[in-house]
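Colleague: Please find my_file_25.csv (CSV, C-alpha atoms and all ligand atoms) on the next line:
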chain,number,residue,atom,x,y,z
A,1,MET,CA,115.3,107.8,84.6
A,2,ASN,CA,113.0,105.1,83.3
A,3,LEU,CA,111.0,102.7,85.4
A,4,LYS,CA,109.3,99.6,83.9
A,5,VAL,CA,106.1,98.7,85.7
A,6,ALA,CA,103.7,95.8,85.4
A,7,CYS,CA,100.2,95.3,86.7
A,8,LEU,CA,99.0,91.7,87.3
A,9,GLN,CA,95.2,91.8,86.6
A,10,ILE,CA,94.3,88.4,88.1
A,11,ASP,CA,90.9,86.8,88.6
A,12,ILE,CA,90.7,86.3,92.4
A,13,VAL,CA,89.1,83.1,93.8
A,14,PHE,CA,86.6,84.1,96.4
A,15,GLY,CA,87.7,83.2,99.9
A,16,ASN,CA,90.6,80.9,98.8
A,17,PRO,CA,94.0,82.3,99.8
A,18,GLU,CA,95.8,79.1,98.8
A,19,ALA,CA,94.5,79.2,95.2
A,20,ASN,CA,95.2,82.9,94.9
A,21,ILE,CA,98.7,82.6,96.3
A,22,GLU,CA,99.5,79.9,93.7
A,23,THR,CA,98.2,82.2,90.9
A,24,VAL,CA,100.3,85.1,92.1
A,25,LYS,CA,103.5,83.0,92.4
A,26,LYS,CA,103.0,81.6,88.8
A,27,GLU,CA,102.1,85.0,87.3
A,28,ILE,CA,105.0,86.8,89.0
A,29,GLU,CA,107.4,84.2,87.8
A,30,LYS,CA,106.0,84.5,84.3
A,31,ILE,CA,106.1,88.3,84.0
A,32,ALA,CA,109.4,88.7,85.7
A,33,ALA,CA,111.0,86.3,83.2
A,34,ALA,CA,109.2,87.7,80.1
A,35,GLU,CA,109.2,91.5,80.8
A,36,LYS,CA,111.9,92.0,83.5
A,37,PRO,CA,109.9,94.9,85.0
A,38,ASP,CA,111.3,97.0,87.9
A,39,VAL,CA,108.0,97.0,89.7
A,40,ILE,CA,105.1,94.5,89.8
A,41,VAL,CA,101.7,95.6,91.1
A,42,LEU,CA,98.9,93.3,92.4
A,43,PRO,CA,95.2,94.1,93.0
A,44,GLU,CA,93.3,94.8,96.2
A,45,LEU,CA,92.5,92.0,98.7
A,46,TRP,CA,94.2,89.5,96.3
A,47,THR,CA,94.4,86.6,98.8
A,48,THR,CA,90.7,86.6,100.0
A,49,GLY,CA,88.7,88.7,97.7
A,50,TYR,CA,85.7,90.4,99.4
A,51,ASP,CA,84.8,87.3,101.4
A,52,LEU,CA,84.3,89.6,104.4
A,53,THR,CA,82.0,87.3,106.5
A,54,ARG,CA,84.9,84.7,106.8
A,55,LEU,CA,87.7,87.1,107.6
A,56,ASP,CA,88.1,85.6,111.0
A,57,GLU,CA,89.2,82.4,109.3
A,58,ILE,CA,91.0,83.7,106.2
A,59,ALA,CA,92.6,87.1,107.1
A,60,ASP,CA,96.4,87.0,107.5
A,61,LEU,CA,97.4,87.3,111.2
A,62,ASP,CA,99.6,90.4,111.4
A,63,GLY,CA,100.2,90.0,107.7
A,64,THR,CA,102.9,87.5,108.5
A,65,LYS,CA,102.3,85.0,105.7
A,66,THR,CA,101.9,87.7,103.1
A,67,ILE,CA,105.1,89.4,104.2
A,68,ALA,CA,107.2,86.2,104.1
A,69,LEU,CA,105.8,85.1,100.7
A,70,VAL,CA,106.1,88.4,98.9
A,71,SER,CA,109.5,89.2,100.4
A,72,SER,CA,110.8,85.9,99.1
A,73,LEU,CA,109.2,86.5,95.6
A,74,ALA,CA,110.8,90.0,95.4
A,75,LYS,CA,114.2,88.6,96.3
A,76,THR,CA,114.0,85.6,94.0
A,77,HIS,CA,112.9,87.6,91.0
A,78,GLU,CA,114.9,90.7,91.9
A,79,VAL,CA,111.8,92.9,91.4
A,80,SER,CA,110.1,95.5,93.6
A,81,ILE,CA,106.5,94.5,94.4
A,82,VAL,CA,103.6,96.8,95.3
A,83,ALA,CA,101.7,93.8,96.8
A,84,GLY,CA,98.2,95.0,96.3
A,85,SER,CA,96.4,94.7,99.6
A,86,VAL,CA,95.4,91.9,101.9
A,87,ALA,CA,93.1,91.5,104.9
A,88,LYS,CA,95.4,91.9,107.9
A,89,LYS,CA,94.2,90.6,111.2
A,90,THR,CA,95.4,92.3,114.4
A,91,GLU,CA,94.1,92.3,118.0
A,92,SER,CA,92.1,95.4,117.3
A,93,GLY,CA,90.4,94.2,114.1
A,94,VAL,CA,91.1,93.7,110.4
A,95,THR,CA,92.5,96.3,108.0
A,96,ASN,CA,92.7,96.3,104.2
A,97,THR,CA,96.5,96.7,104.0
A,98,MET,CA,99.0,97.3,101.2
A,99,TYR,CA,102.6,96.0,101.5
A,100,ILE,CA,105.5,97.4,99.5
A,101,PHE,CA,108.8,95.5,99.0
A,102,ASN,CA,112.0,96.5,97.3
A,103,ARG,CA,113.9,94.1,95.1
A,104,GLN,CA,116.1,93.0,98.1
A,105,GLY,CA,112.8,91.7,99.6
A,106,GLU,CA,112.7,94.3,102.3
A,107,LEU,CA,109.3,95.5,103.4
A,108,ILE,CA,109.6,99.3,103.0
A,109,HIS,CA,106.1,100.5,103.8
A,110,GLU,CA,102.6,99.4,104.6
A,111,TYR,CA,99.4,101.4,104.1
A,112,SER,CA,95.9,100.6,105.2
A,113,LYS,CA,92.9,101.8,103.2
A,114,LEU,CA,91.7,105.1,104.7
A,115,HIS,CA,88.3,105.4,103.1
A,116,LEU,CA,86.1,102.3,103.7
A,117,PHE,CA,83.6,101.6,101.0
A,118,LYS,CA,80.1,101.1,102.5
A,119,LEU,CA,78.5,99.9,99.3
A,120,MET,CA,80.7,96.7,99.6
A,121,ASP,CA,80.2,96.5,103.5
A,122,GLU,CA,83.7,97.3,104.3
A,123,HIS,CA,82.7,99.5,107.3
A,124,LEU,CA,81.0,96.4,108.9
A,125,TYR,CA,84.1,94.2,108.9
A,126,LEU,CA,87.2,96.4,108.5
A,127,ASN,CA,89.0,99.2,110.4
A,128,GLY,CA,90.2,102.2,108.4
A,129,GLY,CA,93.9,103.1,108.4
A,130,THR,CA,95.4,106.2,109.9
A,131,GLU,CA,98.7,106.6,108.0
A,132,LYS,CA,99.7,108.0,104.6
A,133,GLY,CA,100.8,105.8,101.7
A,134,LEU,CA,104.1,107.7,101.0
A,135,PHE,CA,107.3,105.7,100.2
A,136,GLN,CA,110.4,105.7,98.1
A,137,LEU,CA,110.7,102.8,95.7
A,138,ASP,CA,113.6,102.4,93.3
A,139,GLY,CA,114.7,105.8,94.3
A,140,LEU,CA,111.4,107.5,93.3
A,141,GLN,CA,109.0,109.3,95.6
A,142,SER,CA,105.8,107.3,95.3
A,143,ALA,CA,102.4,106.9,96.9
A,144,GLY,CA,100.0,104.0,97.2
A,145,VAL,CA,96.2,104.1,97.7
A,146,ILE,CA,93.4,101.6,97.6
A,147,CYS,CA,90.4,101.6,95.3
A,148,TYR,CA,87.7,103.9,96.9
A,149,ASP,CA,90.5,106.2,98.0
A,150,ILE,CA,90.7,107.6,94.4
A,151,ARG,CA,87.3,109.3,95.0
A,152,PHE,CA,89.1,111.6,97.4
A,153,PRO,CA,91.4,113.9,95.4
A,154,GLU,CA,92.3,115.8,98.6
A,155,TRP,CA,93.8,112.6,99.9
A,156,ILE,CA,95.8,112.0,96.8
A,157,ARG,CA,96.9,115.7,96.9
A,158,VAL,CA,98.3,115.2,100.4
A,159,HIS,CA,100.7,112.7,98.8
A,160,THR,CA,101.7,114.6,95.7
A,161,THR,CA,102.3,117.9,97.6
A,162,GLN,CA,104.7,115.8,99.6
A,163,GLY,CA,106.6,114.8,96.5
A,164,ALA,CA,105.0,111.7,95.0
A,165,GLU,CA,105.5,111.4,91.3
A,166,ILE,CA,104.0,108.0,90.9
A,167,LEU,CA,100.6,107.0,92.3
A,168,TYR,CA,100.0,103.2,92.7
A,169,VAL,CA,96.4,102.3,92.9
A,170,VAL,CA,95.2,98.8,93.8
A,171,ALA,CA,91.6,97.9,93.4
A,172,GLU,CA,88.6,95.6,93.2
A,173,TRP,CA,86.5,98.0,91.1
A,174,PRO,CA,83.1,96.7,89.8
A,175,LEU,CA,82.1,96.9,86.1
A,176,PRO,CA,79.0,99.1,86.5
A,177,ARG,CA,81.3,102.0,87.5
A,178,LEU,CA,84.0,101.4,84.9
A,179,HIS,CA,83.5,104.9,83.5
A,180,HIS,CA,84.2,106.4,87.0
A,181,TRP,CA,87.3,104.3,87.4
A,182,LYS,CA,88.8,105.4,84.1
A,183,SER,CA,87.8,109.1,84.3
A,184,MET,CA,89.1,109.5,87.9
A,185,LEU,CA,92.4,107.8,87.2
A,186,ILE,CA,93.0,110.1,84.2
A,187,SER,CA,91.9,113.1,86.3
A,188,ARG,CA,94.2,112.2,89.2
A,189,ALA,CA,97.1,111.9,86.8
A,190,ILE,CA,96.4,115.2,85.1
A,191,GLU,CA,95.6,117.2,88.2
A,192,ASN,CA,98.6,115.9,90.1
A,193,GLN,CA,101.0,115.8,87.1
A,194,CYS,CA,102.0,112.3,88.2
A,195,PHE,CA,102.1,108.8,86.7
A,196,VAL,CA,99.2,106.6,87.8
A,197,VAL,CA,99.7,102.8,87.8
A,198,ALA,CA,96.4,101.2,88.6
A,199,CYS,CA,95.9,97.5,89.0
A,200,ASN,CA,92.3,96.2,89.2
A,201,ARG,CA,91.1,92.6,89.3
A,202,SER,CA,89.2,90.6,86.7
A,203,GLY,CA,86.3,88.1,87.1
A,204,SER,CA,83.5,88.1,89.6
A,205,ASP,CA,82.4,87.1,93.1
A,206,PRO,CA,78.9,86.3,94.5
A,207,LYS,CA,78.0,90.0,94.5
A,208,ASN,CA,80.0,91.8,91.8
A,209,GLU,CA,81.4,91.6,88.4
A,210,PHE,CA,84.7,93.4,88.2
A,211,ALA,CA,85.9,95.9,85.6
A,212,GLY,CA,89.5,94.9,84.9
A,213,HIS,CA,90.8,97.7,82.8
A,214,SER,CA,94.0,98.1,84.8
A,215,MET,CA,95.7,101.3,83.4
A,216,ILE,CA,99.1,103.0,83.3
A,217,ILE,CA,98.7,106.7,82.7
A,218,ASP,CA,101.3,109.4,82.2
A,219,PRO,CA,101.2,112.9,83.9
A,220,TRP,CA,99.7,114.4,80.7
A,221,GLY,CA,96.8,112.0,81.1
A,222,GLU,CA,97.8,109.8,78.1
A,223,ILE,CA,97.1,106.1,78.6
A,224,LEU,CA,100.3,104.1,78.2
A,225,ALA,CA,98.7,100.7,78.7
A,226,GLU,CA,95.2,99.5,79.4
A,227,ALA,CA,93.9,96.0,80.0
A,228,GLY,CA,90.5,94.6,78.9
A,229,THR,CA,88.2,92.8,81.3
A,230,GLU,CA,89.9,89.4,81.3
A,231,GLN,CA,92.8,88.1,83.4
A,232,THR,CA,96.0,89.5,81.9
A,233,SER,CA,99.0,91.7,82.6
A,234,ILE,CA,100.0,95.1,81.3
A,235,THR,CA,103.4,96.8,81.3
A,236,ALA,CA,104.7,100.3,80.4
A,237,VAL,CA,107.9,102.3,80.8
A,238,LEU,CA,107.5,105.5,82.9
A,239,GLN,CA,109.8,108.2,81.7
A,240,MET,CA,110.2,110.2,84.8
A,241,GLU,CA,111.6,113.2,82.9
A,242,LYS,CA,108.1,113.7,81.5
A,243,ALA,CA,106.7,114.6,85.0
A,244,HIS,CA,109.5,117.1,85.6
A,245,GLU,CA,108.9,118.7,82.1
A,246,ILE,CA,105.1,119.0,82.7
A,247,ARG,CA,105.6,120.4,86.2
A,248,LYS,CA,107.9,123.1,84.8
A,249,GLN,CA,105.6,123.9,81.8
A,250,ILE,CA,102.5,124.3,84.0
A,251,PRO,CA,103.7,124.7,87.6
A,252,ILE,CA,100.6,123.9,89.5
A,253,PHE,CA,102.4,123.0,92.7
A,254,LYS,CA,104.0,126.5,92.7
A,255,ASP,CA,100.7,128.2,91.7
A,256,ARG,CA,98.5,126.6,94.4
A,257,LEU,CA,96.9,129.0,96.8
A,258,PRO,CA,96.0,126.7,99.7
A,259,HIS,CA,95.1,129.6,102.1
A,260,PHE,CA,92.0,130.1,99.9
A,261,TYR,CA,91.0,126.4,99.9
A,262,SER,CA,89.4,126.1,103.4
A,301,LIG,N1,86.8,98.2,96.5
A,301,LIG,C1,86.4,99.4,96.4
A,301,LIG,O1,86.8,100.3,97.2
A,301,LIG,C2,85.4,99.7,95.4
A,301,LIG,C3,85.2,101.2,95.2
A,301,LIG,C4,84.1,101.5,94.2
A,301,LIG,O2,83.6,100.6,93.5
A,301,LIG,C5,83.7,102.9,93.9
A,301,LIG,O3,82.8,103.1,93.1
A,301,LIG,O4,84.2,103.8,94.5
Would you mind writing the file's structure down as structure tokens?
Ligand SMILES: NC(=O)CCC(=O)C(=O)O
Modeller:
Amino acid sequence: MNLKVACLQIDIVFGNPEANIETVKKEIEKIAAAEKPDVIVLPELWTTGYDLTRLDEIADLDGTKTIALVSSLAKTHEVSIVAGSVAKKTESGVTNTMYIFNRQGELIHEYSKLHLFKLMDEHLYLNGGTEKGLFQLDGLQSAGVICYDIRFPEWIRVHTTQGAEILYVVAEWPLPRLHHWKSMLISRAIENQCFVVACNRSGSDPKNEFAGHSMIIDPWGEILAEAGTEQTSITAVLQMEKAHEIRKQIPIFKDRLPHFYS
């Protein structure tokens, strides 16, 4: 089976959900018409950016607006959407939450970022999630994680030992650590023998310049597509058979010895 995926590497306007929603609507329409992908992926915190001090004003109450909007975009363009993440406000606080929709516009999973990134003050404004990012999209076992989560290979492993063959990563990853971003994404693909579809943002905010370089990587660690630093989109076709062949050739999931690992 083949799956065509697209990452929308947009420049997010700081603290301006209306402007960012307009960009996303336009870019989804454009890429859906031009490339007809099966799945479109958006970056982390794509409605607000890291405007954490104003979350009370601009976070999405229970994710209601985001869910209605992205559900309708998925249905209209008949495309599955890994809708990056947004700041979701609840009675107990705000989470950095990813929503996943199938092409019928149904919300099939939500995942809140587990590891909060202190260097960007997340721990001061956000609550961490408590659930896994495992879901089935287009009939394929998949997982979704958010930015800093990729520094925790043990968290990714929880998902791949439970069957995930595609790892979706959504991010606002700064330029000074571009080398870490690329190296860790390639490593996560090789060590888990899975596809990695990683969507970063471009542009800057008052504190950070972001790296762009969204990447689509196969389970052998080969880069199928990579963006530069500017606003753009990338697409690639995932040949799922490749993951199965590699997992047969070097059967790491059978050869693991977890009783030695703690
Ligand atoms: N938004 C994030 O989680 C950024 C993570 C990051 O920059 C890192 O180096 O890790």
Colleague: Using only C-alpha atoms and all ligand atoms, what are the residues with an atom within 8 Å of ligand LIG 301 (chain A), set out as an MDAnalysis selection string?
Modeller: chainID A and resid 44 115:117 119:120 146:151 171:174 177 180:181
Colleague: Counting only C-alpha atoms, what is within 7 Å of Ile100 of chain A, bar same-chain residues fewer than 6 positions away, as a compact mmCIF listing (two decimals) with C-alpha atoms, in the coordinates of the input?
Modeller:
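That gives us result22.txt:
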# COMPACT_ATOMS: atom_id res chain seq x y z
CA ILE A 81 106.50 94.50 94.40
CA VAL A 82 103.60 96.80 95.30
CA ALA A 83 101.70 93.80 96.80
CA LEU A 107 109.30 95.50 103.40
CA ILE A 108 109.60 99.30 103.00
CA HIS A 109 106.10 100.50 103.80
CA GLU A 110 102.60 99.40 104.60
Colleague: Identify which of the residues A:Gly133, A:Gly144, A:Pro258, A:Pro219 lies closest to Ala198 of chain A, counting all atoms listed in the file when measuring atom-to-atom distances.
Modeller: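 Comparing A:Gly133, A:Gly144, A:Pro258, A:Pro219 against Ala198 of chain A, the winner is A:Gly144.
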Colleague: Considering all atoms listed in the file, can you say which of A:Gln249, A:Leu8, A:Gly139, A:Asn192 comes closest to His159 of chain A?
Modeller: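 The answer is A:Asn192, which sits nearest to His159 of chain A.
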Colleague: Go through A:Gly93, A:Gly212, A:Gly105, A:Pro153 and flag the residue nearest Leu124 of chain A, using all atoms listed in the file for the distances.
Modeller: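 Checking each of A:Gly93, A:Gly212, A:Gly105, A:Pro153 against Leu124 of chain A, counting all atoms listed in the file, the winner is A:Gly93.
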Colleague: Go ahead and compute the interatomic distance for atom CA of Arg256 of chain A and atom CA of Trp220 of chain A, in Å to one decimal.
Modeller: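 Here the two named atoms are 18.4 Å from each other.
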Colleague: So, with only C-alpha atoms as the atoms that count, which of A:Thr66, A:Ser71, A:Thr95, A:Gln162 lies closest to Thr47 of chain A?
Modeller: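 Nearest to Thr47 of chain A: A:Thr66.
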Colleague: Grab the atom CA of Leu114 of chain A to atom CA of Ile166 of chain A distance for me, in Å with one decimal place.
Modeller: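 Atom CA of Ile166 of chain A lies at a distance of 18.7 Å from atom CA of Leu114 of chain A.
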Colleague: Find the residue from A:Glu91, A:Pro176, A:Pro43, A:Val79 that sits nearest to Leu61 of chain A; use all atoms listed in the file when measuring.
Modeller: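 Among the listed residues, A:Glu91 lies closest to Leu61 of chain A.
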Colleague: Which polymer residues have any atom within 10 Å of an atom of Asp51 of chain A, counting only C-alpha atoms, with same-chain residues fewer than 5 positions away left out, as a ChimeraX atom specification?
Modeller: /A:13-16,45,58-59,87,205-206
Colleague: Record the distance separating atom CA of Gln136 of chain A and atom CA of Lys113 of chain A, expressed in Å with one decimal.
Modeller: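 For atom CA of Gln136 of chain A relative to atom CA of Lys113 of chain A, the distance reads 18.6 Å.
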Colleague: Which is closest to Asn96 of chain A among A:Val158, A:Ala33, A:Leu73, A:Val170, if we use all atoms listed in the file?
Modeller: A:Val170
Colleague: Starting from the point (112.9, 93.4, 85.6), work out which residues of protein, DNA or RNA have an atom no more than 8 Å away when counting only C-alpha atoms; state them as a ChimeraX atom specification.
Modeller: /A:4,32-33,35-39,77-79
Colleague: Report as a PyMOL selection string all protein, DNA and RNA residues lying within 7 Å of Ala189 of chain A, evaluated on only C-alpha atoms, omitting residues in the same chain fewer than 3 positions from it.
Modeller: chain A and resi 185-186+192-196+217-219+221
Colleague: Save N, CA and C atoms of segment 135-162 of chain A from the block above as a short mmCIF file (atom, residue, chain, number, x, y, z; two decimals), in the first residue's frame.
Modeller:
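Final output, saved to out_1.cif:
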data_model
loop_
_atom_site.label_atom_id
_atom_site.label_comp_id
_atom_site.auth_asym_id
_atom_site.auth_seq_id
_atom_site.Cartn_x
_atom_site.Cartn_y
_atom_site.Cartn_z
N PHE A 135 -2.92 5.85 16.82
CA PHE A 135 -4.20 5.86 16.10
C PHE A 135 -4.06 5.13 14.77
N GLN A 136 -5.20 4.78 14.18
CA GLN A 136 -5.21 4.19 12.84
C GLN A 136 -5.71 5.22 11.87
N LEU A 137 -4.90 5.53 10.87
CA LEU A 137 -5.32 6.53 9.88
C LEU A 137 -5.13 5.92 8.50
N ASP A 138 -6.16 6.01 7.67
CA ASP A 138 -6.14 5.39 6.34
C ASP A 138 -5.76 3.91 6.45
N GLY A 139 -6.21 3.26 7.50
CA GLY A 139 -5.97 1.82 7.66
C GLY A 139 -4.56 1.49 8.14
N LEU A 140 -3.76 2.50 8.52
CA LEU A 140 -2.37 2.24 8.92
C LEU A 140 -2.14 2.63 10.38
N GLN A 141 -1.47 1.72 11.11
CA GLN A 141 -1.15 2.01 12.51
C GLN A 141 -0.15 3.16 12.55
N SER A 142 -0.48 4.20 13.25
CA SER A 142 0.32 5.43 13.22
C SER A 142 0.44 5.98 14.63
N ALA A 143 1.39 6.92 14.78
CA ALA A 143 1.54 7.60 16.06
C ALA A 143 1.82 9.07 15.79
N GLY A 144 1.41 9.90 16.75
CA GLY A 144 1.69 11.33 16.63
C GLY A 144 2.35 11.82 17.89
N VAL A 145 3.42 12.60 17.74
CA VAL A 145 4.06 13.22 18.90
C VAL A 145 4.38 14.67 18.57
N ILE A 146 4.76 15.44 19.60
CA ILE A 146 4.90 16.88 19.43
C ILE A 146 6.31 17.33 19.84
N CYS A 147 7.05 17.79 18.86
CA CYS A 147 8.32 18.52 19.00
C CYS A 147 9.28 17.90 20.02
N TYR A 148 9.40 18.49 21.20
CA TYR A 148 10.36 18.04 22.23
C TYR A 148 10.22 16.54 22.52
N ASP A 149 9.02 15.97 22.30
CA ASP A 149 8.80 14.53 22.52
C ASP A 149 9.84 13.68 21.78
N ILE A 150 10.38 14.18 20.64
CA ILE A 150 11.31 13.31 19.87
C ILE A 150 12.64 13.10 20.60
N ARG A 151 12.89 13.91 21.65
CA ARG A 151 14.12 13.68 22.43
C ARG A 151 13.99 12.50 23.38
N PHE A 152 12.83 11.87 23.39
CA PHE A 152 12.59 10.74 24.31
C PHE A 152 12.31 9.48 23.50
N PRO A 153 13.39 8.82 23.05
CA PRO A 153 13.20 7.64 22.19
C PRO A 153 12.37 6.56 22.86
N GLU A 154 12.41 6.53 24.21
CA GLU A 154 11.62 5.51 24.91
C GLU A 154 10.12 5.75 24.75
N TRP A 155 9.74 7.02 24.59
CA TRP A 155 8.31 7.36 24.37
C TRP A 155 7.88 6.95 22.96
N ILE A 156 8.77 7.19 22.00
CA ILE A 156 8.46 6.79 20.62
C ILE A 156 8.37 5.26 20.55
N ARG A 157 9.27 4.59 21.27
CA ARG A 157 9.30 3.13 21.26
C ARG A 157 7.99 2.53 21.80
N VAL A 158 7.41 3.18 22.80
CA VAL A 158 6.12 2.72 23.32
C VAL A 158 5.11 2.61 22.16
N HIS A 159 5.18 3.54 21.24
CA HIS A 159 4.22 3.56 20.14
C HIS A 159 4.58 2.54 19.05
N THR A 160 5.88 2.40 18.75
CA THR A 160 6.24 1.48 17.66
C THR A 160 6.16 0.02 18.12
N THR A 161 6.40 -0.24 19.41
CA THR A 161 6.22 -1.62 19.88
C THR A 161 4.74 -1.98 19.91
N GLN A 162 3.88 -0.96 19.86
CA GLN A 162 2.45 -1.25 19.78
C GLN A 162 1.93 -1.11 18.35
#
